[in-house]
Amino acid sequence: MLNYSLKRFVYMLITLWVIVTLTFFLMHMIPGDPFTSEKKVPEQIRQNMLAKYHLDKPLIVQYGYYLNNLIHGDLGISLKYLNRTVDDIIKQSAPASFQLGIQSIILGVIFGLLFGIIAALKRGGGMDYISMFLAIIGISVPNFIIATLLQLLLASKLKWLPVSGWGSFKYTILPSIALSFSTLSIISRMMRTSMLDVIGQDYIKTAKAKGLSQFQIIWKHMVRNAIMPVVTVLGPLFAGIVTGTFVIEQIFSIPGLGKFFVQSIYDEDYSMILGTTIFYSVILVVMMFLVDIAYGLIDPRVRLAKGGK
Amino acid sequence: MVDISKDKFEIVGANASESQSIVRPSISYWQDAWRRLRKNKVAMASLVFLILLVIMSIIGPHLRPFDYAHQDLFNTNKPFSKVHWFGTDYLGRDLFVRVWMGARVSLFIGVVIALLDAIIGVTYGGIAGYFGGQVDNIMMRIVDILYGIPYLILVILLMVVMGQGLWTIITAMVMTGWVGMARIVRGQVLQLKEQEFVLAAKTLGASPGRIILRHLIPNALGPIIVSMTFDVPNAIFSEAFLSYIGLGIRAPLASWGTLANDATQVLLMYPMQLFIPGFFISITMLAFNMLGDGLRDALDPRLRR
């Protein structure tokens, strides 16, 4: 196990390096540079600006500079917000996104699993249709519409919660609910189908014949065998939500990281693109690793390392 | 007891060839699946609905004497009426015609992307999961890399290389979209391949390709179909997002996603404009989901009732 983890850690580093390299060269292939959208400046100044950030050097040299800085833990200076380092921006805006993400994932997972399990057990019953309906709403109504409706109803009509902004816990409730909808619908649908698969298996009959309690059958025999696809989707889902969402943060005016993912690409803010990509990728590959470990814990039959018995 | 004389009985005898003969015509797996699907009323209703939707997307725009791009600035934001069945948008374009034009783009994008994602993802995930070990490790790290690269950069680059158009959107979305399916299939295969029926198949000398295609994939069909049904609306909304930031389909052309996007700007005054595309997206999703459910039941012999 330790051996496997160590190996995976090396792979993670390689994966990250490839992501950085590919992103680096891909983003430089986009026509223009960070200063093309600025006001017209005299050619000389422009050249000086490019020179200051080493943007006039050959690409491979720039790449060398970047990697060297990266190894020393320096993500560089944002080319759009010229007096701020990328580190700073991420450090300041990540916590808000993180808190929202965690809250919405917890909400989505708990209710998603609950709905999925109940729907599968009471197939064709009222609860099945309710959860199906919720799932359809969650996936077919874009989250910005859900967010606006929640704002309209709970905040501006009923005045239970603040409309937007960031501060105490009550500011996080609405955006968390709005964000959790898609997680909830994906998880409940996934759980329902794989539960239906499991319910038909012979070992459930055996468990019933043994006289196990309903709770034990559901918890130990059904859920444990059915949860695999849910765990699979949870990895990337977690990485995506925790690093911030463009639309939701915009609507609730939350000082999160989401907007930098989109904005940096528009501005061709090279260091910011790489910074956000690295931040997201680190969380992503760690999540993927945890998901793989979880496979083995949930289902001991799964062996990841070859011949690891 | 009543006396029954022996001559009332007649020895029929056993005819070996007759008792062995097959009375009913044998049916193939797909015929059996189709027969079971047909019995599922909800699934059949969904199928009929989807077929109707496709037909409407073909003939719908010709039912009214308006062009989808024709602007009538004296008749903007009109409610439902006899002339404009679904009203008009902020540029006075007839929404009935635009909804069906949008159906063409959205259904096409949604279905094509879901299918391509499934084909690539199932093959890739099946191979990675089945062979495991080093093969799995390397194949899955490639997936991690594809997850990590910012999707917008890929889209913009593809626009530069291929030009703006429907196929560029589809290529961009498939390039990044199949990885989710690959991961789900791989997770399922990891779990399934340790089960006895795989061992049995191996013992009987089945090739890896046959085991993956005939034994593992059919058993993982549930999650595959569910994630396909999620791919369709995802694709529709990703297209809307791309169009919204100017990278998707071009303005006079419509899709359900862009119709919903346009409508959000006048949401507070004219909620009906959002309601119409929203309604069609939702009900299409509902149909896809119900059909997916029915398909899964029909294709899985264990669920035969």
# chains A, B, ... in the order shown; residues from 1 in each chain; ligands from 1
call {"tool": "residues_around", "arguments": {"residues": "Ala147 (chain A)", "least_positions_apart": "2", "cutoff": "12 Å", "atoms": "only C-alpha atoms", "output": "MDAnalysis selection string"}}
result
chainID A and resid 138 141:145 149:155 163:164 173:182 247:253
call {"tool": "write_last_selection", "arguments": {"atoms": "C-alpha atoms", "output": "tab-separated table (two decimals), in the first residue's frame"}}
result
chain	number	residue	atom	x	y	z
A	138	GLY	CA	-31.34	19.92	-11.19
A	141	VAL	CA	-32.48	23.96	-15.40
A	142	PRO	CA	-29.18	25.83	-15.53
A	143	ASN	CA	-27.89	26.69	-12.07
A	144	PHE	CA	-27.95	30.42	-12.74
A	145	ILE	CA	-31.70	30.21	-13.09
A	149	LEU	CA	-35.10	32.08	-8.38
A	150	LEU	CA	-33.75	31.29	-4.90
A	151	GLN	CA	-32.58	34.88	-4.57
A	152	LEU	CA	-35.96	36.17	-5.67
A	153	LEU	CA	-37.95	33.91	-3.36
A	154	LEU	CA	-35.95	33.45	-0.16
A	155	ALA	CA	-34.01	36.67	-0.13
A	163	VAL	CA	-29.49	38.53	-1.30
A	164	SER	CA	-25.79	38.50	-2.01
A	173	ILE	CA	-26.63	29.31	2.57
A	174	LEU	CA	-28.27	30.37	-0.70
A	175	PRO	CA	-25.24	29.87	-2.96
A	176	SER	CA	-24.54	26.51	-1.33
A	177	ILE	CA	-28.08	25.33	-2.04
A	178	ALA	CA	-27.93	26.62	-5.61
A	179	LEU	CA	-24.60	24.88	-6.18
A	180	SER	CA	-25.69	21.62	-4.61
A	181	PHE	CA	-28.51	21.05	-7.09
A	182	SER	CA	-26.39	19.59	-9.86
A	247	VAL	CA	-21.66	31.83	-12.61
A	248	ILE	CA	-22.75	31.27	-9.01
A	249	GLU	CA	-20.00	33.49	-7.60
A	250	GLN	CA	-20.96	36.19	-10.08
A	251	ILE	CA	-24.65	36.07	-9.15
A	252	PHE	CA	-24.10	36.15	-5.39
A	253	SER	CA	-21.09	38.49	-5.69
call {"tool": "select_by_dssp", "arguments": {"residues": "region 41-122 of chain B", "states": "alpha helix (DSSP H)", "output": "ChimeraX atom specification"}}
result
/B:41-59,95-122
call {"tool": "residues_around", "arguments": {"residues": "region 68-84 of chain A", "least_positions_apart": "2", "cutoff": "12 Å", "atoms": "only C-alpha atoms", "output": "number ranges by chain"}}
result
A: 13, 16-17, 20-21, 33-38, 49-50, 52-55, 61-66, 86-92, 260, 263-279
call {"tool": "interface_residues", "arguments": {"of": "chain A", "to": "chain B", "cutoff": "8 Å", "atoms": "only C-alpha atoms", "output": "VMD selection string"}}
result
chain A and resid 11 15 to 16 18 to 19 22 to 23 26 to 27 29 to 30 136 to 137 139 to 142 186 189 to 190 193 to 194 197 200 228 to 229 232 to 233 262 265 277 280 to 281 284 to 285 288 295 299 301 to 306
call {"tool": "residues_around", "arguments": {"residues": "Ala118 (chain B)", "least_positions_apart": "4", "cutoff": "7 Å", "atoms": "only C-alpha atoms", "output": "list in words"}}
result
Ala114, Val122, Trp178, Met181 and Met228 of chain B
call {"tool": "residues_around", "arguments": {"residues": "Met269 (chain B)", "least_positions_apart": "4", "cutoff": "12 Å", "atoms": "only C-alpha atoms", "output": "mmCIF file with N, CA and C atoms, in the first residue's frame"}}
result
data_model
loop_
_atom_site.group_PDB
_atom_site.id
_atom_site.type_symbol
_atom_site.label_atom_id
_atom_site.label_comp_id
_atom_site.auth_asym_id
_atom_site.auth_seq_id
_atom_site.Cartn_x
_atom_site.Cartn_y
_atom_site.Cartn_z
ATOM 1 N N ASN B 77 -40.915 41.338 -27.938
ATOM 2 C CA ASN B 77 -41.386 40.803 -26.661
ATOM 3 C C ASN B 77 -42.901 40.636 -26.587
ATOM 4 N N LYS B 78 -43.499 40.136 -27.656
ATOM 5 C CA LYS B 78 -44.948 39.931 -27.667
ATOM 6 C C LYS B 78 -45.298 38.628 -26.930
ATOM 7 N N PRO B 79 -46.433 38.618 -26.237
ATOM 8 C CA PRO B 79 -46.866 37.367 -25.599
ATOM 9 C C PRO B 79 -47.435 36.401 -26.638
ATOM 10 N N ASP B 89 -39.269 37.503 -29.465
ATOM 11 C CA ASP B 89 -38.196 37.826 -28.534
ATOM 12 C C ASP B 89 -37.866 39.324 -28.576
ATOM 13 N N TYR B 90 -36.744 39.700 -27.970
ATOM 14 C CA TYR B 90 -36.448 41.133 -27.832
ATOM 15 C C TYR B 90 -36.133 41.800 -29.163
ATOM 16 N N ALA B 263 -33.078 34.910 -23.062
ATOM 17 C CA ALA B 263 -34.268 35.201 -22.265
ATOM 18 C C ALA B 263 -33.926 35.660 -20.854
ATOM 19 N N THR B 264 -32.768 35.239 -20.333
ATOM 20 C CA THR B 264 -32.443 35.626 -18.957
ATOM 21 C C THR B 264 -32.266 37.135 -18.839
ATOM 22 N N GLN B 265 -31.943 37.800 -19.959
ATOM 23 C CA GLN B 265 -31.748 39.241 -19.887
ATOM 24 C C GLN B 265 -33.064 39.986 -19.673
ATOM 25 N N GLN B 273 -40.417 33.856 -21.949
ATOM 26 C CA GLN B 273 -39.381 33.596 -22.954
ATOM 27 C C GLN B 273 -38.358 32.585 -22.452
ATOM 28 N N LEU B 274 -38.135 32.570 -21.145
ATOM 29 C CA LEU B 274 -37.232 31.568 -20.588
ATOM 30 C C LEU B 274 -37.971 30.258 -20.386
#
call {"tool": "atom_distance", "arguments": {"atom1": "CA of Trp166 (chain A)", "atom2": "CA of Leu107 (chain A)"}}
result
19.5 Å
call {"tool": "closest_residue", "arguments": {"among": "A:Ile14, A:Ile298, A:Met132, A:Ala209", "to": "Ala287 (chain B)", "atoms": "only C-alpha atoms"}}
result
A:Met132
call {"tool": "atom_distance", "arguments": {"atom1": "CA of Arg224 (chain A)", "atom2": "CA of Met191 (chain A)"}}
result
10.9 Å
call {"tool": "atom_distance", "arguments": {"atom1": "CA of Val41 (chain A)", "atom2": "CA of His28 (chain A)"}}
result
21.6 Å
call {"tool": "residues_around", "arguments": {"residues": "region 31-38 of chain B", "least_positions_apart": "2", "cutoff": "12 Å", "atoms": "only C-alpha atoms", "output": "ChimeraX atom specification"}}
result
/B:25-29,40-48,290-305
call {"tool": "decode", "arguments": {"residues": "region 148-197 of chain B", "atoms": "N, CA and C atoms", "output": "PDB file, in the first residue's frame"}}
result
ATOM      1  N   GLY B 148      -7.182  18.216 -16.454  1.00  0.00           N
ATOM      2  CA  GLY B 148      -6.502  19.376 -15.903  1.00  0.00           C
ATOM      3  C   GLY B 148      -6.350  20.547 -16.847  1.00  0.00           C
ATOM      4  N   ILE B 149      -6.192  20.259 -18.134  1.00  0.00           N
ATOM      5  CA  ILE B 149      -5.977  21.353 -19.084  1.00  0.00           C
ATOM      6  C   ILE B 149      -7.241  22.192 -19.211  1.00  0.00           C
ATOM      7  N   PRO B 150      -7.117  23.523 -19.059  1.00  0.00           N
ATOM      8  CA  PRO B 150      -8.319  24.357 -19.126  1.00  0.00           C
ATOM      9  C   PRO B 150      -9.040  24.180 -20.454  1.00  0.00           C
ATOM     10  N   TYR B 151     -10.331  23.887 -20.321  1.00  0.00           N
ATOM     11  CA  TYR B 151     -11.168  23.546 -21.460  1.00  0.00           C
ATOM     12  C   TYR B 151     -11.326  24.742 -22.408  1.00  0.00           C
ATOM     13  N   LEU B 152     -11.385  25.952 -21.837  1.00  0.00           N
ATOM     14  CA  LEU B 152     -11.573  27.131 -22.686  1.00  0.00           C
ATOM     15  C   LEU B 152     -10.398  27.343 -23.632  1.00  0.00           C
ATOM     16  N   ILE B 153      -9.183  27.063 -23.154  1.00  0.00           N
ATOM     17  CA  ILE B 153      -8.019  27.228 -24.012  1.00  0.00           C
ATOM     18  C   ILE B 153      -8.134  26.315 -25.223  1.00  0.00           C
ATOM     19  N   LEU B 154      -8.539  25.077 -24.972  1.00  0.00           N
ATOM     20  CA  LEU B 154      -8.732  24.119 -26.062  1.00  0.00           C
ATOM     21  C   LEU B 154      -9.766  24.627 -27.057  1.00  0.00           C
ATOM     22  N   VAL B 155     -10.878  25.137 -26.508  1.00  0.00           N
ATOM     23  CA  VAL B 155     -11.950  25.607 -27.386  1.00  0.00           C
ATOM     24  C   VAL B 155     -11.450  26.757 -28.258  1.00  0.00           C
ATOM     25  N   ILE B 156     -10.765  27.718 -27.633  1.00  0.00           N
ATOM     26  CA  ILE B 156     -10.293  28.884 -28.387  1.00  0.00           C
ATOM     27  C   ILE B 156      -9.302  28.443 -29.468  1.00  0.00           C
ATOM     28  N   LEU B 157      -8.399  27.545 -29.098  1.00  0.00           N
ATOM     29  CA  LEU B 157      -7.421  27.077 -30.077  1.00  0.00           C
ATOM     30  C   LEU B 157      -8.085  26.359 -31.242  1.00  0.00           C
ATOM     31  N   LEU B 158      -9.081  25.534 -30.920  1.00  0.00           N
ATOM     32  CA  LEU B 158      -9.791  24.822 -31.983  1.00  0.00           C
ATOM     33  C   LEU B 158     -10.506  25.798 -32.907  1.00  0.00           C
ATOM     34  N   MET B 159     -11.033  26.891 -32.312  1.00  0.00           N
ATOM     35  CA  MET B 159     -11.684  27.917 -33.129  1.00  0.00           C
ATOM     36  C   MET B 159     -10.677  28.506 -34.101  1.00  0.00           C
ATOM     37  N   VAL B 160      -9.453  28.732 -33.597  1.00  0.00           N
ATOM     38  CA  VAL B 160      -8.417  29.311 -34.449  1.00  0.00           C
ATOM     39  C   VAL B 160      -8.080  28.344 -35.578  1.00  0.00           C
ATOM     40  N   VAL B 161      -7.976  27.063 -35.239  1.00  0.00           N
ATOM     41  CA  VAL B 161      -7.539  26.080 -36.225  1.00  0.00           C
ATOM     42  C   VAL B 161      -8.673  25.714 -37.184  1.00  0.00           C
ATOM     43  N   MET B 162      -9.863  25.387 -36.629  1.00  0.00           N
ATOM     44  CA  MET B 162     -10.943  24.848 -37.456  1.00  0.00           C
ATOM     45  C   MET B 162     -11.955  25.888 -37.905  1.00  0.00           C
ATOM     46  N   GLY B 163     -11.879  27.088 -37.320  1.00  0.00           N
ATOM     47  CA  GLY B 163     -12.898  28.081 -37.641  1.00  0.00           C
ATOM     48  C   GLY B 163     -14.129  27.837 -36.815  1.00  0.00           C
ATOM     49  N   GLN B 164     -15.036  28.851 -36.796  1.00  0.00           N
ATOM     50  CA  GLN B 164     -16.199  28.718 -35.936  1.00  0.00           C
ATOM     51  C   GLN B 164     -17.250  27.853 -36.607  1.00  0.00           C
ATOM     52  N   GLY B 165     -17.865  26.970 -35.850  1.00  0.00           N
ATOM     53  CA  GLY B 165     -18.914  26.152 -36.440  1.00  0.00           C
ATOM     54  C   GLY B 165     -19.347  25.046 -35.508  1.00  0.00           C
ATOM     55  N   LEU B 166     -20.386  24.351 -35.961  1.00  0.00           N
ATOM     56  CA  LEU B 166     -20.981  23.313 -35.145  1.00  0.00           C
ATOM     57  C   LEU B 166     -19.969  22.211 -34.807  1.00  0.00           C
ATOM     58  N   TRP B 167     -19.205  21.791 -35.815  1.00  0.00           N
ATOM     59  CA  TRP B 167     -18.297  20.666 -35.602  1.00  0.00           C
ATOM     60  C   TRP B 167     -17.142  21.037 -34.708  1.00  0.00           C
ATOM     61  N   THR B 168     -16.773  22.323 -34.727  1.00  0.00           N
ATOM     62  CA  THR B 168     -15.717  22.754 -33.815  1.00  0.00           C
ATOM     63  C   THR B 168     -16.188  22.602 -32.379  1.00  0.00           C
ATOM     64  N   ILE B 169     -17.416  23.022 -32.122  1.00  0.00           N
ATOM     65  CA  ILE B 169     -17.974  22.884 -30.777  1.00  0.00           C
ATOM     66  C   ILE B 169     -18.009  21.414 -30.377  1.00  0.00           C
ATOM     67  N   ILE B 170     -18.486  20.593 -31.307  1.00  0.00           N
ATOM     68  CA  ILE B 170     -18.618  19.167 -30.989  1.00  0.00           C
ATOM     69  C   ILE B 170     -17.248  18.568 -30.716  1.00  0.00           C
ATOM     70  N   THR B 171     -16.259  18.872 -31.572  1.00  0.00           N
ATOM     71  CA  THR B 171     -14.909  18.334 -31.366  1.00  0.00           C
ATOM     72  C   THR B 171     -14.380  18.763 -30.009  1.00  0.00           C
ATOM     73  N   ALA B 172     -14.507  20.054 -29.716  1.00  0.00           N
ATOM     74  CA  ALA B 172     -13.971  20.560 -28.449  1.00  0.00           C
ATOM     75  C   ALA B 172     -14.627  19.858 -27.275  1.00  0.00           C
ATOM     76  N   MET B 173     -15.947  19.680 -27.340  1.00  0.00           N
ATOM     77  CA  MET B 173     -16.640  19.099 -26.192  1.00  0.00           C
ATOM     78  C   MET B 173     -16.352  17.618 -26.066  1.00  0.00           C
ATOM     79  N   VAL B 174     -16.204  16.929 -27.196  1.00  0.00           N
ATOM     80  CA  VAL B 174     -15.902  15.497 -27.112  1.00  0.00           C
ATOM     81  C   VAL B 174     -14.489  15.296 -26.586  1.00  0.00           C
ATOM     82  N   MET B 175     -13.560  16.150 -27.035  1.00  0.00           N
ATOM     83  CA  MET B 175     -12.174  16.014 -26.591  1.00  0.00           C
ATOM     84  C   MET B 175     -12.054  16.051 -25.077  1.00  0.00           C
ATOM     85  N   THR B 176     -12.884  16.862 -24.437  1.00  0.00           N
ATOM     86  CA  THR B 176     -12.787  16.948 -22.981  1.00  0.00           C
ATOM     87  C   THR B 176     -13.872  16.137 -22.287  1.00  0.00           C
ATOM     88  N   GLY B 177     -14.918  15.755 -23.039  1.00  0.00           N
ATOM     89  CA  GLY B 177     -16.086  15.161 -22.391  1.00  0.00           C
ATOM     90  C   GLY B 177     -15.995  13.665 -22.139  1.00  0.00           C
ATOM     91  N   TRP B 178     -15.236  12.958 -22.987  1.00  0.00           N
ATOM     92  CA  TRP B 178     -15.257  11.496 -22.889  1.00  0.00           C
ATOM     93  C   TRP B 178     -14.584  10.990 -21.626  1.00  0.00           C
ATOM     94  N   VAL B 179     -13.733  11.814 -20.992  1.00  0.00           N
ATOM     95  CA  VAL B 179     -12.951  11.326 -19.864  1.00  0.00           C
ATOM     96  C   VAL B 179     -13.841  10.925 -18.683  1.00  0.00           C
ATOM     97  N   GLY B 180     -14.951  11.644 -18.492  1.00  0.00           N
ATOM     98  CA  GLY B 180     -15.850  11.306 -17.388  1.00  0.00           C
ATOM     99  C   GLY B 180     -16.398   9.900 -17.571  1.00  0.00           C
ATOM    100  N   MET B 181     -16.854   9.610 -18.797  1.00  0.00           N
ATOM    101  CA  MET B 181     -17.378   8.289 -19.102  1.00  0.00           C
ATOM    102  C   MET B 181     -16.299   7.234 -18.904  1.00  0.00           C
ATOM    103  N   ALA B 182     -15.082   7.538 -19.357  1.00  0.00           N
ATOM    104  CA  ALA B 182     -13.987   6.570 -19.234  1.00  0.00           C
ATOM    105  C   ALA B 182     -13.758   6.220 -17.766  1.00  0.00           C
ATOM    106  N   ARG B 183     -13.819   7.212 -16.907  1.00  0.00           N
ATOM    107  CA  ARG B 183     -13.578   6.951 -15.486  1.00  0.00           C
ATOM    108  C   ARG B 183     -14.685   6.095 -14.875  1.00  0.00           C
ATOM    109  N   ILE B 184     -15.918   6.381 -15.255  1.00  0.00           N
ATOM    110  CA  ILE B 184     -17.026   5.596 -14.700  1.00  0.00           C
ATOM    111  C   ILE B 184     -16.927   4.141 -15.134  1.00  0.00           C
ATOM    112  N   VAL B 185     -16.684   3.936 -16.437  1.00  0.00           N
ATOM    113  CA  VAL B 185     -16.597   2.571 -16.948  1.00  0.00           C
ATOM    114  C   VAL B 185     -15.424   1.848 -16.296  1.00  0.00           C
ATOM    115  N   ARG B 186     -14.292   2.535 -16.179  1.00  0.00           N
ATOM    116  CA  ARG B 186     -13.121   1.920 -15.579  1.00  0.00           C
ATOM    117  C   ARG B 186     -13.414   1.478 -14.137  1.00  0.00           C
ATOM    118  N   GLY B 187     -14.087   2.361 -13.365  1.00  0.00           N
ATOM    119  CA  GLY B 187     -14.420   2.019 -11.981  1.00  0.00           C
ATOM    120  C   GLY B 187     -15.293   0.782 -11.910  1.00  0.00           C
ATOM    121  N   GLN B 188     -16.282   0.716 -12.826  1.00  0.00           N
ATOM    122  CA  GLN B 188     -17.181  -0.440 -12.845  1.00  0.00           C
ATOM    123  C   GLN B 188     -16.436  -1.703 -13.217  1.00  0.00           C
ATOM    124  N   VAL B 189     -15.562  -1.580 -14.233  1.00  0.00           N
ATOM    125  CA  VAL B 189     -14.843  -2.757 -14.708  1.00  0.00           C
ATOM    126  C   VAL B 189     -13.898  -3.279 -13.627  1.00  0.00           C
ATOM    127  N   LEU B 190     -13.248  -2.356 -12.920  1.00  0.00           N
ATOM    128  CA  LEU B 190     -12.366  -2.772 -11.818  1.00  0.00           C
ATOM    129  C   LEU B 190     -13.114  -3.660 -10.846  1.00  0.00           C
ATOM    130  N   GLN B 191     -14.379  -3.285 -10.581  1.00  0.00           N
ATOM    131  CA  GLN B 191     -15.184  -4.037  -9.627  1.00  0.00           C
ATOM    132  C   GLN B 191     -15.675  -5.355 -10.237  1.00  0.00           C
ATOM    133  N   LEU B 192     -16.108  -5.285 -11.491  1.00  0.00           N
ATOM    134  CA  LEU B 192     -16.730  -6.452 -12.111  1.00  0.00           C
ATOM    135  C   LEU B 192     -15.735  -7.538 -12.470  1.00  0.00           C
ATOM    136  N   LYS B 193     -14.529  -7.123 -12.859  1.00  0.00           N
ATOM    137  CA  LYS B 193     -13.609  -8.123 -13.417  1.00  0.00           C
ATOM    138  C   LYS B 193     -13.147  -9.135 -12.380  1.00  0.00           C
ATOM    139  N   GLU B 194     -13.362  -8.835 -11.092  1.00  0.00           N
ATOM    140  CA  GLU B 194     -12.973  -9.794 -10.071  1.00  0.00           C
ATOM    141  C   GLU B 194     -14.081 -10.805  -9.802  1.00  0.00           C
ATOM    142  N   GLN B 195     -15.211 -10.681 -10.515  1.00  0.00           N
ATOM    143  CA  GLN B 195     -16.320 -11.595 -10.240  1.00  0.00           C
ATOM    144  C   GLN B 195     -16.177 -12.898 -11.003  1.00  0.00           C
ATOM    145  N   GLU B 196     -16.940 -13.887 -10.540  1.00  0.00           N
ATOM    146  CA  GLU B 196     -16.713 -15.246 -11.010  1.00  0.00           C
ATOM    147  C   GLU B 196     -17.000 -15.416 -12.495  1.00  0.00           C
ATOM    148  N   PHE B 197     -18.008 -14.701 -13.019  1.00  0.00           N
ATOM    149  CA  PHE B 197     -18.349 -14.964 -14.413  1.00  0.00           C
ATOM    150  C   PHE B 197     -17.224 -14.560 -15.357  1.00  0.00           C
TER     151      PHE B 197
END
